[in-house]
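Asks: Below are the C-alpha cells for one structure; questions will follow.
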Amino acid sequence: MADILAALRSLMASHTPPLNALVVPSEDYHQSEYVSARDKRRAFVSGFTGSAGLALVTTNEALLWTDGRYFLQAEQQLSNQWRLMRMGEDPAVDSWISTNLPQDSAIGIDFWCISVETAQKWRSLFAKNQQKLVPTTKNLVDEVWKDQPQAEMNPVHVHPLKFSGRSVSDKLKDLRDNLRKEKTRGIIITTLDEVVWLYNVRGGDVSYSPVVHSFAVVTTSSAFFYVDERKLSSEVKSYLEENNIIVKDYTAVSSDVALLASNQLTSAKGTQSNGAHDAEDSSHKIWVDPRCCYSLYSKLNPDQVFLHQSPLSLPKSLKNPVEMEGLKNAHIRDGAAVVQYLAWLDKQMQELYGASGYFKESESQKTKTPTGDAKLTEVSVSDKLEEFRAAKEHFRGLSFPTISSVGPNGSIIHYEPKPKTCSELDPNCMYLCDSGAQYLDGTTDITRTVHFGKPSEHEKKCYTAVLKGHFALGNARFPNGTTGHSLDVLARIPLWSYGLDYRHGTGHGIGAYLNVHEGPHSISFRPGLSVPLQASMTVTDEPGYYEDGKFGIRLENVLIIKEAATQFNFANKGYLEFEHITWAPYQKKLIDVKLLLDEEIKWVNSYHAKCKEILSPYLNESEKAWLTQATEPISD
C-alpha cells in the first residue's frame, strides 16, 4: 500500500499543474454504486472494499471517507498509512480540503468519475481559497495499477416485453414528450440502469447488477446507444435497429456530445438528430442529470444545459403492472429458497454442533466439533443459500454479495465474508443473513436474523425493538406527498426508547431485474432528494441494531406502495400504505412477546399464516413441516 501511495504522489508531483491532492472516488464513469473489477480504484488504492467511500491522497496524508455502514470494516481494512474519516461525524471531504490545504492548491480528479453536482459544489467552495479542482490528464490510479483487470466483455440480452411490461417505443415517446415539455432538444443518459431500462436490454458488466457499460443520447428524432459492439449478437443488433436505436462505439460518446452541443450530431442516415428542421429547436437546451459525469458536461456550454433530475428516474421507479406481478412472483420463489435454507441450516446446526436449534432454547454444550469440509462457515452456508435460489425459475444470479455474518461480524453492517478469513458458525451466537437475487421477473432483498442456541434477554429485547420498528413502518398509512425521510422515524422509535439506534437508512427502492438499490426515493434519516413516495414504487423496510464486537440484528422485507382505503380523506390528498411482498418467518424465540402490543402480535400471526399459505406449494414435506412450526401463532 505504501508503494501505491508513493507512486501516486510521484505522478501528482509531475502532473501539469502539480497536484496538492488527488481524489479517488468509488464511482465509475456512470456514477454507479456497484462497479466492475476494473473500476474498483478506491479499493485498490486504500485496501478498503466497501461499496461507498472516497479516498484523498495529499502530499503527506491519506484519508478515507465512508458512511456508518462501513466504519467497523474500514477500521479493520485500512493500514496505518490511512486515516478514517467518518461521514456525518468528521468534516466532509470538500470542507476538509478547503480548511487544511494551502491556498492556490490544485486538487486533481478524473472528471469522468465525478458528477456535475459534486464538481460544481466543490469548485464553488474551493474558489473561496483560490483552490482549483483540476482534471487529471489520465486516471492516475490506472497509471500505477499494473495488473488492473480488463474491461468486461459480456453479451447484451433483450429484456422481453413479458418481463418489461412496456415497449421501447412507448418509453421513448414519453421521454421525448418530456424533452419537448421542458424545451430541450436532447438528453445525455449516463446512469447504467436508466440506459438499459429505456432500451429494454440487460447485460452482465457489473457483478450483481444486470447492466451494460453504455451511454445513451436521445433527441427529439433520434436515439443513440454507445456500447462496445462486440457485446451485441446479430439478434440484439436487429432488435435495436427495429426500434430505431443507432449503435455507436462506447468511446464515441465524448465527441458526439460535443457535436450535440453544436447542433451537428447526425443520425446514421445523415440527418440532424435534433430535429433541426424546426427553427425553434436550435435554441432548445440539452437535458443533463446532475449525476452525469463532469467530463461530458464540460463539453457543453453551461448556458445551453437544463440541469435537472433525469426524466427516466421516476418512471423507472414506478413499476408497471407486469413488473409488479413479476416482483411479487420472484419474491415468492425467493422466500421459498430462504425457508429451505433456514430449515436446512437448522438441521445442520443440530446435527453438526449439538445446537438446540431454531425452535428450542438452550445453550449448546458443543459436544460435537465438526472438522474439515463438515464445518459450516459464513461462506459455505451462503453458498448453500445460493444453491437453493439457483434452482428457482428465472434465476440469474445474486443481487449483491450475501452478508452472512456470525456474532461480532454481524455488527459490521455491510460485512462480506471471504473464504480464507470468514468465521465458523456458532450455535451460541446470533446469525444475520442479508441476501438477494436477480430473477428475470424481479430483484429481491431480504434479511433475517436467527439464533440456534439460547439468546440472551438483551438480544431478545433488541430483536423485539427492531421487529416493532419494522412493523411500525411497514404498516404505516400516510398522505400523498410524504417523503421517506418523514417516515424514517417510525422504525427508530422503539429503539430510541432504550437509547439505541442504527447508522444506516431504513429503506431503498428496488429494481425490476435491475439494481438492488434504486432511487430516486428512499427512507432515511438523511433528507436527500426528498422525493415523495408514490403508489407503485417499491421500498425496503430494514431497521437494525448493531452492538460493536458482539452481534448485529436486521430485519428486511420489500414493500410495494399502494393506495389506501382510509375512512376519511383530509384535504383530498389521498392516502397510501405498504404491502409486504417478502415471505419468510421471523424467529419466534427471539421475540419477547411481553414487549409486543396486541396489534403487533396479531400482525405477526397474520403474516406468518400468509407465509405458510404462499410458500408451502414450493416446499417438500419436511420443509413444509418446518415452516408449519415456524409460523405457529404466538400469544401473550
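Residue numbering restarts at 1 in every chain; chains get A, B, ... in the order shown in the C-alpha cells, and ligands count up from 1 in that same order.
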Write out as a list in words each polymer residue whose atoms come within 10 Å of Phe388 (chain A), counting only C-alpha atoms; drop sequence neighbours fewer than 3 positions from it.
Replies: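 So the residues in contact are Arg333, Asp334, Ala336, Ala337, Val338, Val339, Gln340, Tyr341, Ser382, Asp383, Lys384, Leu385, Ala391 and Lys392 of chain A.
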Asks: I'd like the neighbourhood of region 83-99 of chain A as a count of residues only, where a residue qualifies if any of its atoms comes within 9 Å (using only C-alpha atoms), though same-chain residues fewer than 5 positions away should be ignored.
Replies: 24
Asks: Please tabulate, as CSV, the residues of region 421-508 of chain A that come within 8 Å of region 583-607 of chain A, each with its closest pair of atoms and the distance in Å to one decimal, counting only C-alpha atoms and ordering rows by chain, then residue number upward.
Replies:
```
residue,atom,partner,partner_atom,distance
A:Arg448,CA,A:Tyr586,CA,7.0
A:Thr449,CA,A:Gln587,CA,7.7
A:Val450,CA,A:Gln587,CA,6.2
A:His451,CA,A:Leu590,CA,7.5
A:Pro455,CA,A:Leu590,CA,7.0
A:Glu459,CA,A:Leu590,CA,7.5
A:Lys460,CA,A:Leu590,CA,5.0
A:Lys461,CA,A:Asp592,CA,6.3
A:Tyr463,CA,A:Leu590,CA,6.4
A:Thr464,CA,A:Ile591,CA,5.2
A:Lys468,CA,A:Leu596,CA,7.4
A:Phe471,CA,A:Glu600,CA,7.2
```
Asks: The selected residues should be written to file as an mmCIF file, in the first residue's frame (atoms: N, CA, C and O atoms).
Replies:
```
data_model
loop_
_atom_site.group_PDB
_atom_site.id
_atom_site.type_symbol
_atom_site.label_atom_id
_atom_site.label_comp_id
_atom_site.auth_asym_id
_atom_site.auth_seq_id
_atom_site.Cartn_x
_atom_site.Cartn_y
_atom_site.Cartn_z
ATOM 1 N N ARG A 448 -32.885 -11.752 7.484
ATOM 2 C CA ARG A 448 -33.412 -12.391 8.683
ATOM 3 C C ARG A 448 -32.249 -12.611 9.651
ATOM 4 O O ARG A 448 -31.121 -12.885 9.238
ATOM 5 N N THR A 449 -32.526 -12.469 10.921
ATOM 6 C CA THR A 449 -31.547 -12.707 11.977
ATOM 7 C C THR A 449 -32.070 -13.834 12.855
ATOM 8 O O THR A 449 -33.238 -13.808 13.266
ATOM 9 N N VAL A 450 -31.222 -14.824 13.127
ATOM 10 C CA VAL A 450 -31.662 -16.003 13.877
ATOM 11 C C VAL A 450 -30.618 -16.390 14.925
ATOM 12 O O VAL A 450 -29.479 -15.914 14.898
ATOM 13 N N HIS A 451 -31.032 -17.281 15.827
ATOM 14 C CA HIS A 451 -30.139 -17.812 16.859
ATOM 15 C C HIS A 451 -30.462 -19.293 17.015
ATOM 16 O O HIS A 451 -31.626 -19.656 17.173
ATOM 17 N N PRO A 455 -30.601 -17.370 23.115
ATOM 18 C CA PRO A 455 -30.297 -15.933 23.075
ATOM 19 C C PRO A 455 -30.446 -15.306 24.459
ATOM 20 O O PRO A 455 -31.260 -15.746 25.280
ATOM 21 N N GLU A 459 -30.417 -9.637 23.912
ATOM 22 C CA GLU A 459 -30.549 -9.890 22.472
ATOM 23 C C GLU A 459 -32.017 -9.954 22.074
ATOM 24 O O GLU A 459 -32.415 -9.413 21.038
ATOM 25 N N LYS A 460 -32.840 -10.587 22.921
ATOM 26 C CA LYS A 460 -34.283 -10.668 22.641
ATOM 27 C C LYS A 460 -34.922 -9.279 22.656
ATOM 28 O O LYS A 460 -35.749 -8.945 21.805
ATOM 29 N N LYS A 461 -34.540 -8.479 23.641
ATOM 30 C CA LYS A 461 -35.102 -7.123 23.752
ATOM 31 C C LYS A 461 -34.739 -6.296 22.512
ATOM 32 O O LYS A 461 -35.582 -5.586 21.956
ATOM 33 N N TYR A 463 -33.843 -7.475 19.487
ATOM 34 C CA TYR A 463 -34.535 -8.042 18.320
ATOM 35 C C TYR A 463 -35.980 -7.573 18.288
ATOM 36 O O TYR A 463 -36.507 -7.183 17.232
ATOM 37 N N THR A 464 -36.623 -7.597 19.439
ATOM 38 C CA THR A 464 -38.041 -7.215 19.505
ATOM 39 C C THR A 464 -38.221 -5.737 19.181
ATOM 40 O O THR A 464 -39.184 -5.348 18.498
ATOM 41 N N LYS A 468 -40.460 -4.350 16.195
ATOM 42 C CA LYS A 468 -41.524 -3.352 16.406
ATOM 43 C C LYS A 468 -41.371 -2.172 15.439
ATOM 44 O O LYS A 468 -42.355 -1.646 14.909
ATOM 45 N N PHE A 471 -42.405 -3.346 12.036
ATOM 46 C CA PHE A 471 -43.868 -3.380 11.995
ATOM 47 C C PHE A 471 -44.444 -1.970 11.830
ATOM 48 O O PHE A 471 -45.332 -1.737 11.000
#
```
Asks: Could you give me, as a PyMOL selection string, the residues within 8 Å of region 223-239 of chain A, counting only C-alpha atoms and dropping anything in the same chain fewer than 3 positions from it?
Replies: chain A and resi 153-158+212-219+242-253
Asks: So how far away is CA of Arg69 (chain A) from CA of Ala465 (chain A), in Å?
Replies: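 About the pair CA of Ala465 (chain A) and CA of Arg69 (chain A): they are 19.6 Å apart.
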Asks: Just checking: using only C-alpha atoms, which residue out of A:Thr59, A:Gln81, A:Gln148, A:Thr191 ends up closest to Ala37 (chain A)?
Replies: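 Nearest to Ala37 (chain A): A:Gln148.
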Asks: What does the distance between CA of Tyr294 (chain A) and CA of Pro17 (chain A) come to in Å, to one decimal place?
Replies: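 Taking CA of Tyr294 (chain A) as the start and CA of Pro17 (chain A) as the end point, the length is 19.2 Å.
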Asks: Pick out the residues sitting within 9 Å of Gly511 (chain A), and hand them over as a list in words; count only C-alpha atoms, and ignore anything fewer than 6 positions along from it in its own chain.
Replies: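 In the requested format, the answer is Asp193, Lys316, Ser317, Lys319, Leu327, Gly442, Thr443, Thr444, His517, Glu518, Gly519 and Thr538 of chain A.
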Asks: Mind checking DSSP for region 19-150 of chain A and telling me the helix (DSSP H, G or I) residues as a ChimeraX atom specification?
Replies: /A:37-39,41-46,68-77,93-100,111-113,116-127,140-144
Asks: For those residues, write C-alpha atoms to a file as a tab-separated table (two decimals), in the first residue's frame.
Replies:
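Ended up saving to selection-v3.tsv:
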```tsv
chain	number	residue	atom	x	y	z
A	37	ALA	CA	-13.48	-5.06	-11.05
A	38	ARG	CA	-11.60	-2.71	-13.38
A	39	ASP	CA	-13.26	0.33	-11.79
A	41	ARG	CA	-9.83	2.14	-8.00
A	42	ARG	CA	-10.56	3.37	-4.50
A	43	ALA	CA	-10.39	-0.20	-3.16
A	44	PHE	CA	-7.07	-0.76	-4.95
A	45	VAL	CA	-5.55	2.42	-3.53
A	46	SER	CA	-6.82	2.13	0.05
A	68	GLY	CA	-21.84	4.45	9.08
A	69	ARG	CA	-22.46	1.11	7.38
A	70	TYR	CA	-18.71	0.69	6.96
A	71	PHE	CA	-16.99	2.26	9.98
A	72	LEU	CA	-16.01	-1.08	11.53
A	73	GLN	CA	-14.99	-2.61	8.20
A	74	ALA	CA	-12.83	0.38	7.33
A	75	GLU	CA	-11.13	0.27	10.74
A	76	GLN	CA	-10.21	-3.35	10.07
A	77	GLN	CA	-9.09	-2.93	6.44
A	93	VAL	CA	-14.07	15.94	2.18
A	94	ASP	CA	-14.63	19.31	0.47
A	95	SER	CA	-14.69	21.13	3.82
A	96	TRP	CA	-11.55	19.31	4.92
A	97	ILE	CA	-9.72	20.25	1.69
A	98	SER	CA	-10.83	23.85	1.91
A	99	THR	CA	-9.65	24.12	5.52
A	100	ASN	CA	-6.49	22.01	5.51
A	111	PHE	CA	-13.57	14.23	-14.48
A	112	TRP	CA	-15.20	11.01	-15.78
A	113	CYS	CA	-15.56	9.82	-12.17
A	116	VAL	CA	-21.72	17.54	-12.23
A	117	GLU	CA	-23.46	18.17	-8.92
A	118	THR	CA	-20.40	17.31	-6.81
A	119	ALA	CA	-17.91	19.08	-9.09
A	120	GLN	CA	-19.90	22.32	-9.08
A	121	LYS	CA	-20.28	22.23	-5.29
A	122	TRP	CA	-16.57	21.62	-4.76
A	123	ARG	CA	-15.46	24.22	-7.29
A	124	SER	CA	-17.59	26.85	-5.59
A	125	LEU	CA	-16.18	26.05	-2.15
A	126	PHE	CA	-12.56	25.73	-3.31
A	127	ALA	CA	-12.71	29.06	-5.14
A	140	LEU	CA	-3.54	8.36	-12.21
A	141	VAL	CA	-4.70	5.23	-10.40
A	142	ASP	CA	-4.85	3.38	-13.74
A	143	GLU	CA	-1.26	4.51	-14.36
A	144	VAL	CA	0.03	2.77	-11.22
```
